[in-house]
Amino acid sequence: MAVKKIAVIGAGLMGSGIAYVSAVAGFDVVINDIKEEFLNRGLDRIRSDILTGIDKKKITPKEAEEIFRRISTTVDIREAAKDADLVIEAVFENLEVKQDVFKKLDQYAPPHTILASNTSTLPIKDLAKVTNRPDKVLGMHFFSPVPAMNLIEIIVTDQTSEETLEIAKQVGKQLKKEIVICKDAPGFIVNRLLIPTLNEIIKLYESKLAPMEHLDKIFVTKGGMPMGPFSLADFVGLDVALHATNTLWKAFGDDYKPPQILQDMVNKGFKGTKSGKGFKDLPKEDFEPKKSDDYLVNRVLFLMINEAAKLLDEKIATIEDIDKAMRLGTNFPKGPFELADEIGLDKIVDFLNELSQELGDFYKPHPLLVEMKNNNKKFYS
Ligand SMILES: NC(=O)c1ccc[n+]([C@@H]2O[C@H](COP(=O)([O-])OP(=O)(O)OC[C@H]3O[C@@H](n4cnc5c(N)ncnc54)[C@H](O)[C@@H]3O)[C@@H](O)[C@H]2O)c1
């Protein structure tokens, strides 16, 4: 089946971005939201994306007109679903709301229609199970801002058919995005690795090992992060980061518990850039770091490599897709396995062993890393 028409449910930040890239790629697009004013706000975002596209000479004014003509809107979900080949749902991150949408989509969409969710954290199987077409349900997880971020995580459940996956891959290609495939597991790839990484940095700050400004600086200069981690957390939204952490905590236990300071800040309304208050607005501290930069950076990066080994061991995704997801989804210059090969497993395993003696079993090197170290193996030979 060739997809011609895409319905996007939810005209918020993500939905409008997904609608824009879909229309640019030549698909007919219908956007659905619960109120006209939300649809209009979404259309305003799309207009602004189009103007940026014209400014950057990516699209001509004539193409802009055609792009806009391909987009329609409706507050009636039945109308949106009735002739769509693919639906991409981007409503609030709430299971009940999404299940209600999926039930309606299943009822109103033709039998061939694929139903995809852009959820960041919810299990796809919990959406598939409220439909009579679990073989045609999968996750298509875009990254923000959608026009600029070049990645889609495609999430498959045990029931997603090969044909559904192939069609979703084809659409991703037409949208000019890179694709990674992962199993339906908490956090998928990027959030599963990025969230514990950010939380570990927050814990370094919380336990007063170094001032925030110092950590923000060294994770860019020595840790290879594209922006300071506290600026990144503020940008992502502290409530969003907390929500994702809670999902991992629920799934994997207390080692993934959100740092207390993150919970306190969200409770006090510090939700990052969008709320005007975040880490950057906390009082500045001035003291000498209690640990070396190498210790601080390695503790975080090696933990990320350890998490990536768990993902690989659980067969959530391939080595190549895990690396690609982290490069394109977070703008890290290298994926965790590329990094591990570069640093050397000897150093990583030894340091994690030391950390686990100081801080507990969570830091223990994963048996896969130990086995590879002992056999002198690399992830890429
Ligand atoms: N914001 C991000 O960076 C990001 C990144 C990746 C994935 N996501 C996921 O994308 C989804 C949307 O996030 P967002 O940031 O665009 O949220 P948002 O709040 O900007 O937009 C959600 C939109 O959904 C609409 N909506 C709510 N219930 C609806 C319903 N029953 N039918 C139709 N429309 C409905 C709302 O009116 C709103 O316009 C969430 O699942 C989120 O986890 C977000």
# chains A, B, ... in the order shown; residues from 1 in each chain; ligands from 1
$ residues_around --residues "Val24 (chain A)" --least-positions-apart "6" --cutoff "9 Å" --atoms "only C-alpha atoms" --output "PyMOL selection string"
chain A and resi 59+63-64+66-68+70+175
$ select_by_dssp --residues "region 177-367 of chain A" --states "helix (DSSP H, G or I)" --output "count of residues only"
127
$ residues_around --residues "Ile316 (chain A)" --least-positions-apart "5" --cutoff "8 Å" --atoms "only C-alpha atoms" --output "number ranges by chain"
A: 182-185, 188-189, 311
$ closest_atom_pairs --of "chain A" --to "ligand 1" --cutoff "9 Å" --atoms "only C-alpha atoms and all ligand atoms" --output "JSON lines"
{"residue": "A:Val8", "atom": "CA", "partner": "ligand 1", "partner_atom_place_in_ligand_line": "33 (C)", "distance": 8.8}
{"residue": "A:Ile9", "atom": "CA", "partner": "ligand 1", "partner_atom_place_in_ligand_line": "33 (C)", "distance": 5.1}
{"residue": "A:Gly10", "atom": "CA", "partner": "ligand 1", "partner_atom_place_in_ligand_line": "24 (O)", "distance": 3.6}
{"residue": "A:Ala11", "atom": "CA", "partner": "ligand 1", "partner_atom_place_in_ligand_line": "39 (O)", "distance": 4.5}
{"residue": "A:Gly12", "atom": "CA", "partner": "ligand 1", "partner_atom_place_in_ligand_line": "21 (O)", "distance": 3.2}
{"residue": "A:Leu13", "atom": "CA", "partner": "ligand 1", "partner_atom_place_in_ligand_line": "16 (O)", "distance": 3.8}
{"residue": "A:Met14", "atom": "CA", "partner": "ligand 1", "partner_atom_place_in_ligand_line": "16 (O)", "distance": 3.6}
{"residue": "A:Gly15", "atom": "CA", "partner": "ligand 1", "partner_atom_place_in_ligand_line": "16 (O)", "distance": 5.4}
{"residue": "A:Ser16", "atom": "CA", "partner": "ligand 1", "partner_atom_place_in_ligand_line": "16 (O)", "distance": 7.6}
{"residue": "A:Gly17", "atom": "CA", "partner": "ligand 1", "partner_atom_place_in_ligand_line": "16 (O)", "distance": 8.4}
{"residue": "A:Ile31", "atom": "CA", "partner": "ligand 1", "partner_atom_place_in_ligand_line": "33 (C)", "distance": 8.8}
{"residue": "A:Asn32", "atom": "CA", "partner": "ligand 1", "partner_atom_place_in_ligand_line": "33 (C)", "distance": 5.6}
{"residue": "A:Asp33", "atom": "CA", "partner": "ligand 1", "partner_atom_place_in_ligand_line": "34 (N)", "distance": 3.7}
{"residue": "A:Ile34", "atom": "CA", "partner": "ligand 1", "partner_atom_place_in_ligand_line": "33 (C)", "distance": 4.9}
{"residue": "A:Lys35", "atom": "CA", "partner": "ligand 1", "partner_atom_place_in_ligand_line": "37 (O)", "distance": 6.9}
{"residue": "A:Glu37", "atom": "CA", "partner": "ligand 1", "partner_atom_place_in_ligand_line": "37 (O)", "distance": 9.0}
{"residue": "A:Phe38", "atom": "CA", "partner": "ligand 1", "partner_atom_place_in_ligand_line": "39 (O)", "distance": 5.3}
{"residue": "A:Leu39", "atom": "CA", "partner": "ligand 1", "partner_atom_place_in_ligand_line": "39 (O)", "distance": 7.2}
{"residue": "A:Arg41", "atom": "CA", "partner": "ligand 1", "partner_atom_place_in_ligand_line": "39 (O)", "distance": 8.2}
{"residue": "A:Gly42", "atom": "CA", "partner": "ligand 1", "partner_atom_place_in_ligand_line": "39 (O)", "distance": 7.4}
{"residue": "A:Val75", "atom": "CA", "partner": "ligand 1", "partner_atom_place_in_ligand_line": "33 (C)", "distance": 7.6}
{"residue": "A:Asp76", "atom": "CA", "partner": "ligand 1", "partner_atom_place_in_ligand_line": "33 (C)", "distance": 8.8}
{"residue": "A:Ile77", "atom": "CA", "partner": "ligand 1", "partner_atom_place_in_ligand_line": "32 (N)", "distance": 7.2}
{"residue": "A:Glu89", "atom": "CA", "partner": "ligand 1", "partner_atom_place_in_ligand_line": "11 (C)", "distance": 7.5}
{"residue": "A:Ala90", "atom": "CA", "partner": "ligand 1", "partner_atom_place_in_ligand_line": "11 (C)", "distance": 4.1}
{"residue": "A:Val91", "atom": "CA", "partner": "ligand 1", "partner_atom_place_in_ligand_line": "24 (O)", "distance": 3.4}
{"residue": "A:Phe92", "atom": "CA", "partner": "ligand 1", "partner_atom_place_in_ligand_line": "22 (C)", "distance": 4.7}
{"residue": "A:Glu93", "atom": "CA", "partner": "ligand 1", "partner_atom_place_in_ligand_line": "41 (O)", "distance": 3.9}
{"residue": "A:Asn94", "atom": "CA", "partner": "ligand 1", "partner_atom_place_in_ligand_line": "41 (O)", "distance": 7.2}
{"residue": "A:Val97", "atom": "CA", "partner": "ligand 1", "partner_atom_place_in_ligand_line": "31 (N)", "distance": 5.9}
{"residue": "A:Lys98", "atom": "CA", "partner": "ligand 1", "partner_atom_place_in_ligand_line": "31 (N)", "distance": 7.1}
{"residue": "A:Asp100", "atom": "CA", "partner": "ligand 1", "partner_atom_place_in_ligand_line": "31 (N)", "distance": 7.1}
{"residue": "A:Val101", "atom": "CA", "partner": "ligand 1", "partner_atom_place_in_ligand_line": "31 (N)", "distance": 5.7}
{"residue": "A:Ser117", "atom": "CA", "partner": "ligand 1", "partner_atom_place_in_ligand_line": "41 (O)", "distance": 7.5}
{"residue": "A:Asn118", "atom": "CA", "partner": "ligand 1", "partner_atom_place_in_ligand_line": "10 (O)", "distance": 5.0}
{"residue": "A:Thr119", "atom": "CA", "partner": "ligand 1", "partner_atom_place_in_ligand_line": "41 (O)", "distance": 3.8}
{"residue": "A:Ser120", "atom": "CA", "partner": "ligand 1", "partner_atom_place_in_ligand_line": "43 (O)", "distance": 4.3}
{"residue": "A:Thr121", "atom": "CA", "partner": "ligand 1", "partner_atom_place_in_ligand_line": "43 (O)", "distance": 6.6}
{"residue": "A:Leu122", "atom": "CA", "partner": "ligand 1", "partner_atom_place_in_ligand_line": "41 (O)", "distance": 8.0}
{"residue": "A:His141", "atom": "CA", "partner": "ligand 1", "partner_atom_place_in_ligand_line": "7 (C)", "distance": 5.9}
{"residue": "A:Phe142", "atom": "CA", "partner": "ligand 1", "partner_atom_place_in_ligand_line": "6 (C)", "distance": 5.3}
{"residue": "A:Phe143", "atom": "CA", "partner": "ligand 1", "partner_atom_place_in_ligand_line": "6 (C)", "distance": 4.8}
{"residue": "A:Ser144", "atom": "CA", "partner": "ligand 1", "partner_atom_place_in_ligand_line": "3 (O)", "distance": 4.6}
{"residue": "A:Pro145", "atom": "CA", "partner": "ligand 1", "partner_atom_place_in_ligand_line": "3 (O)", "distance": 7.1}
{"residue": "A:Val146", "atom": "CA", "partner": "ligand 1", "partner_atom_place_in_ligand_line": "5 (C)", "distance": 8.3}
{"residue": "A:Val236", "atom": "CA", "partner": "ligand 1", "partner_atom_place_in_ligand_line": "3 (O)", "distance": 6.3}
{"residue": "A:Gly237", "atom": "CA", "partner": "ligand 1", "partner_atom_place_in_ligand_line": "3 (O)", "distance": 8.3}
{"residue": "A:Val240", "atom": "CA", "partner": "ligand 1", "partner_atom_place_in_ligand_line": "43 (O)", "distance": 7.9}
{"residue": "A:Ala244", "atom": "CA", "partner": "ligand 1", "partner_atom_place_in_ligand_line": "43 (O)", "distance": 8.9}
$ closest_residue --among "A:Ala84, A:Val220, A:Ile181, A:Leu282" --to "Val29 (chain A)" --atoms "only C-alpha atoms"
A:Ala84
$ atom_distance --atom1 "CA of Ala340 (chain A)" --atom2 "CA of Glu371 (chain A)"
13.9 Å
$ residues_around --residues "Lys291 (chain A)" --least-positions-apart "5" --cutoff "10 Å" --atoms "only C-alpha atoms" --output "JSON, numbers by chain"
{"A": [204, 209, 210, 296]}
$ closest_residue --among "A:Leu198, A:Ile114, A:Leu303, A:Ile6" --to "Asp361 (chain A)" --atoms "only C-alpha atoms"
A:Leu303
$ select_by_dssp --residues "region 60-230 of chain A" --states "strand (DSSP E)" --output "MDAnalysis selection string"
chainID A and resid 71:74 86:89 114:117 137:142 151:156 178:183
$ closest_residue --among "A:Asn374, A:Thr113, A:Thr318, A:Asn132" --to "Val180 (chain A)" --atoms "only C-alpha atoms"
A:Thr318
$ closest_residue --among "A:Pro258, A:Gly360, A:Gly272, A:Pro365" --to "Asp234 (chain A)" --atoms "only C-alpha atoms"
A:Gly272
$ closest_residue --among "A:Pro196, A:Glu178, A:Glu213, A:Arg133" --to "Ala325 (chain A)" --atoms "only C-alpha atoms"
A:Glu178
$ residues_around --residues "Gly224 (chain A)" --least-positions-apart "5" --cutoff "8 Å" --atoms "only C-alpha atoms" --output "ChimeraX atom specification"
/A:219,332-333
$ residues_around --residues "Leu345 (chain A)" --least-positions-apart "2" --cutoff "12 Å" --atoms "only C-alpha atoms" --output "VMD selection string"
chain A and resid 302 305 to 306 309 336 to 343 347 to 353 365 to 379
$ residues_around --residues "Lys177 (chain A)" --least-positions-apart "5" --cutoff "8 Å" --atoms "only C-alpha atoms" --output "ChimeraX atom specification"
/A:150-152,172
$ write_last_selection --atoms "C-alpha atoms" --output "tab-separated table (two decimals), in the first residue's frame"
chain	number	residue	atom	x	y	z
A	150	ASN	CA	16.38	14.23	11.47
A	151	LEU	CA	15.24	11.12	13.36
A	152	ILE	CA	12.18	8.92	13.80
A	172	GLY	CA	9.93	8.02	7.12
$ atom_distance --atom1 "CA of Thr273 (chain A)" --atom2 "CA of Gly228 (chain A)"
13.8 Å
$ atom_distance --atom1 "CA of Asp294 (chain A)" --atom2 "CA of His214 (chain A)"
12.7 Å
